[in-house]
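First comes the structure, then the notes that go with it.
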Amino acid sequence: MSTLEIKDLHVSIAVDGGTKEILTGVNLTIRAGETHAIMGPNGSGKSTLAYAIAGHPRYEVTSGEILLDGVDVLSMTVDERARAGLFLAMQYPVEVPGVSTANFLRSAATAVRGEAPKLRTWVKEVKAAMSDLDIDPAFVDRNVNEGFSGGEKKRQEVLQLALLNPKFAVLDETDSGLDVDALRVVSDGVNRYRASGETGVLLITHYTRILQHITPDHVHVFAGGKVVESGGPELADELEKHGYERFTKAGAAVGTAV
C-alpha cells in the first residue's frame with residue numbers, strides 16, 4: 001500500500017526585496033485508502049502545499065521532505081512526479097490553446113502507463129468516463145479548457161483523474177465555482193476514483209459542502225502555514241459552526257500567504 005509522507009516542510013516564495021516563508025513546518029502522512037481534508041482560512045498556505053507537492057517552480061522548498069513510498073519527491077521533475085503517481089487538480093485549471101482534449105488525454109495516459117493505450121479500448125474508456133461525469137462527447141475535439149465554464153473545467157480535471165488513476169490525488173478547492181448539480185457529479189467522480197481503496201486523496205477546501213459528498217477519514221486545520229489541529233469528520237462540523245478563529249491564533253504568525 002502506497003504512502004505519501006510530508007515531513008517538516010518549509011516553503012518560501014520570492015517577493016520584492018527577498019523571500020517570504022509560506023509553509024512553516026508541515027507534517028502529514030496519507031496512506032492508500034485514506035481521504036484527508038485540509039481546511040483553513042484564505043492565506044493560510046493550503047494551495048502552496050498543493051503546488052509544492054506538484055513541483056511548481058515558484059515555490060522553493062527550503063527544508064523538509066516529501067516522500068512517495070519512501071522515495072524523495074523533491075528530487076523529481078514535475079513530469080516525473082506525475083509518472084510516479086501524483087496528481088494535482090488545480091483550483092484554476094489552465095487553458096491549453098492548440099491542444100485538443102483527445103490528444104492531451106491520450107498523451108497523458110501514454111506517459112503515465114508507459115505505453116500508448118490501444119485505440120479501440122481507449123475510446124471506450126474515455127467515452128465511459130465522460131458519460132459518468134455528464135461531459136458532452138464533443139468536448140474531446142475542443143482545445144483543453146479553452147472556452148470552458150468553471151464547472152466544465154472541474155469536470156475535465158476529474159476526467160483526467162479517472163483516466164490516469166494516480167496513487168495520490170491532491171484536489172485544490174475542486175468545489176469552488178460549482179453549482180449544486182456540478183458539485184454532486186464531480187464528487188461522485190472522486191468517490192469512484194477512491195472506491196478501490198488503493199489510492200489516497202488530499203482534499204483542500206474552505207467549506208464543508210463538498211464533505212457532505214466526499215466523507216474524509218481525517219480533517220486537518222491549516223493556519224500559519226502548517227497543520228495546527230487534526231481530527232475526524234466532526235472537526236469539519238466544528239469549523240462550520242464556529243469558524244477558524246481559535247485555530248488561527250494557534251498558527252504561527254507568518255503574514256498573508258498565497
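Naming works like this for the C-alpha cells: A, B, ... for the chains as they're shown, residue 1 at the start of each chain, ligands 1 onward in shown order.
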| request: Write out as a list in words all residues of region 53-190 of chain A that backbone DSSP assigns to strand (DSSP E). | output: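 The residues of region 53-190 of chain A classed as strand (DSSP E) are Glu60, Val61, Thr62, Ser63, Gly64, Glu65, Ile66, Leu67, Leu68, Val71, Asp72, Leu86, Phe87, Leu88, Ala89, Val96, Pro97, Gly98, Val99, Ser100, Asn143, Val144, Phe168, Ala169, Val170, Leu171 and Asp172 of chain A.
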How close does region 116-220 of chain A get to region 40-59 of chain A? List, as JSON lines, each residue of region 116-220 of chain A within 7 Å, its nearest atom pair and the distance in Å to one decimal, counting only C-alpha atoms.
{"residue": "A:Val170", "atom": "CA", "partner": "A:Ala50", "partner_atom": "CA", "distance": 6.5}
{"residue": "A:Asp172", "atom": "CA", "partner": "A:Ser47", "partner_atom": "CA", "distance": 6.5}
{"residue": "A:Ile204", "atom": "CA", "partner": "A:Lys46", "partner_atom": "CA", "distance": 6.8}
{"residue": "A:His206", "atom": "CA", "partner": "A:Gly40", "partner_atom": "CA", "distance": 6.0}
Would you mind exporting N, CA and C atoms of the selected residues as a compact mmCIF listing (two decimals), in the first residue's frame?
# COMPACT_ATOMS: atom_id res chain seq x y z
N VAL A 170 -4.21 15.23 -5.25
CA VAL A 170 -4.33 16.46 -4.48
C VAL A 170 -5.37 17.32 -5.17
N ASP A 172 -7.22 20.70 -5.16
CA ASP A 172 -7.12 22.05 -4.61
C ASP A 172 -8.41 22.82 -4.88
N ILE A 204 -8.35 19.80 -0.45
CA ILE A 204 -8.19 21.14 0.12
C ILE A 204 -9.47 21.93 -0.13
N HIS A 206 -12.33 25.22 1.60
CA HIS A 206 -12.72 26.20 2.63
C HIS A 206 -13.97 25.75 3.37
| request: Would you mind telling me which residue in A:Asp8, A:Glu173, A:Glu146, A:Asp132 lies nearest to Asp188 (chain A) when using only C-alpha atoms? | output: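 Using only C-alpha atoms, Asp188 (chain A) sits closest to A:Asp132.
Here the question is which of A:Tyr244, A:Val227, A:Gly151, A:Arg120 gets nearest to Ile6 (chain A) using only C-alpha atoms, and that residue is A:Val227.
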| query | Skipping near chain neighbours, those fewer than 5 positions away, what residues fall within 12 Å of region 70-79 of chain A using only C-alpha atoms, listed as a PyMOL selection string? | reply | chain A and resi 1-7+9+11+29+51-57+59-65+84-88+108+111-112
Print the selection's residues with N, CA and C atoms to a file, as a compact mmCIF listing (two decimals), in the first residue's frame.
# COMPACT_ATOMS: atom_id res chain seq x y z
N MET A 1 0.84 -1.20 0.00
CA MET A 1 0.00 0.00 0.00
C MET A 1 0.88 1.25 0.00
N SER A 2 0.54 2.21 -0.84
CA SER A 2 1.36 3.40 -1.02
C SER A 2 1.18 4.38 0.13
N THR A 3 2.22 5.19 0.35
CA THR A 3 2.20 6.21 1.39
C THR A 3 2.84 7.49 0.87
N LEU A 4 2.19 8.62 1.17
CA LEU A 4 2.74 9.94 0.87
C LEU A 4 3.04 10.61 2.21
N GLU A 5 4.33 10.92 2.44
CA GLU A 5 4.75 11.50 3.71
C GLU A 5 5.32 12.90 3.48
N ILE A 6 4.84 13.83 4.28
CA ILE A 6 5.35 15.20 4.26
C ILE A 6 5.94 15.47 5.64
N LYS A 7 7.23 15.79 5.68
CA LYS A 7 7.94 15.91 6.94
C LYS A 7 8.56 17.29 7.09
N LEU A 9 7.95 20.35 6.39
CA LEU A 9 8.13 21.03 5.10
C LEU A 9 8.06 22.55 5.28
N VAL A 11 8.45 26.10 2.96
CA VAL A 11 8.42 26.58 1.58
C VAL A 11 8.37 28.09 1.57
N THR A 29 0.90 12.59 6.89
CA THR A 29 1.07 11.29 6.25
C THR A 29 -0.27 10.80 5.73
N TYR A 51 0.89 23.07 -4.50
CA TYR A 51 1.86 23.37 -5.55
C TYR A 51 3.24 22.84 -5.21
N ALA A 52 3.60 22.85 -3.94
CA ALA A 52 4.90 22.31 -3.55
C ALA A 52 4.96 20.81 -3.81
N ILE A 53 3.89 20.10 -3.54
CA ILE A 53 3.85 18.67 -3.81
C ILE A 53 3.99 18.40 -5.31
N ALA A 54 3.32 19.23 -6.11
CA ALA A 54 3.34 19.03 -7.56
C ALA A 54 4.63 19.49 -8.21
N GLY A 55 5.36 20.42 -7.55
CA GLY A 55 6.63 20.86 -8.10
C GLY A 55 6.59 22.18 -8.83
N HIS A 56 5.67 23.07 -8.47
CA HIS A 56 5.60 24.38 -9.12
C HIS A 56 6.91 25.14 -8.87
N PRO A 57 7.53 25.68 -9.92
CA PRO A 57 8.85 26.30 -9.76
C PRO A 57 8.86 27.58 -8.92
N TYR A 59 7.63 27.95 -6.02
CA TYR A 59 7.66 27.63 -4.60
C TYR A 59 8.94 26.87 -4.27
N GLU A 60 9.78 27.49 -3.46
CA GLU A 60 11.09 26.91 -3.11
C GLU A 60 10.99 26.17 -1.78
N VAL A 61 11.29 24.88 -1.83
CA VAL A 61 11.34 24.09 -0.59
C VAL A 61 12.69 24.36 0.07
N THR A 62 12.66 25.01 1.22
CA THR A 62 13.90 25.37 1.91
C THR A 62 14.36 24.29 2.88
N SER A 63 13.44 23.48 3.36
CA SER A 63 13.81 22.33 4.21
C SER A 63 12.62 21.40 4.33
N GLY A 64 12.91 20.19 4.76
CA GLY A 64 11.86 19.19 4.90
C GLY A 64 11.88 18.18 3.77
N GLU A 65 10.93 17.25 3.82
CA GLU A 65 10.89 16.16 2.86
C GLU A 65 9.46 15.91 2.38
N ALA A 84 5.17 9.07 -11.36
CA ALA A 84 5.34 8.29 -10.13
C ALA A 84 4.01 8.06 -9.42
N GLY A 85 2.98 8.84 -9.79
CA GLY A 85 1.66 8.59 -9.20
C GLY A 85 1.05 9.75 -8.45
N LEU A 86 1.54 10.99 -8.67
CA LEU A 86 0.96 12.16 -8.03
C LEU A 86 0.13 12.94 -9.05
N PHE A 87 -0.99 13.47 -8.58
CA PHE A 87 -1.92 14.18 -9.46
C PHE A 87 -2.41 15.42 -8.74
N LEU A 88 -2.44 16.55 -9.45
CA LEU A 88 -2.96 17.80 -8.90
C LEU A 88 -4.13 18.27 -9.73
N ALA A 108 -1.20 12.02 -22.03
CA ALA A 108 -1.00 11.90 -20.59
C ALA A 108 -1.07 10.44 -20.15
N ALA A 111 2.11 8.63 -21.15
CA ALA A 111 3.24 8.95 -20.29
C ALA A 111 3.15 8.22 -18.95
N VAL A 112 1.96 8.17 -18.39
CA VAL A 112 1.78 7.55 -17.07
C VAL A 112 1.84 6.03 -17.15
| request: Using CA of Val96 (chain A) and CA of Lys153 (chain A) as the two end points, give the distance in Å to one decimal. | output: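 About the pair CA of Val96 (chain A) and CA of Lys153 (chain A): they are 11.7 Å apart.
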| Which residues, written as a list in words, have at least one atom at most 6 Å from His220 (chain A), with only C-alpha atoms counted and residues fewer than 4 positions away on the same chain left out? |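 Contacts, in chain order: Ile38, Glu229 and Ser230 of chain A.
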Please, could you write that set of residues out with C-alpha atoms as a CSV table (one decimal), in the first residue's frame?
chain,number,residue,atom,x,y,z
A,38,ILE,CA,-7.3,20.3,4.8
A,229,GLU,CA,-5.1,20.5,14.7
A,230,SER,CA,-6.3,17.2,13.3
| message | Calculated over only C-alpha atoms, which of the candidates A:Pro93, A:Glu115, A:Arg142, A:Asp237 has the smallest distance to Arg155 (chain A)? | response | A:Pro93
| query | Which value, in Å to one decimal, gives the distance between CA of Asn191 (chain A) and CA of Glu125 (chain A)? | reply |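 CA of Glu125 (chain A) lies 17.7 Å from CA of Asn191 (chain A).
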| query | Please, what distance in Å, to one decimal, runs between CA of Leu164 (chain A) and CA of Asp181 (chain A)? | reply |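 Rounded to one decimal, the two atoms are 24.2 Å apart.
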| alpha helix (DSSP H) per DSSP on the backbone: members of region 57-257 of chain A, as a count of residues only | 78
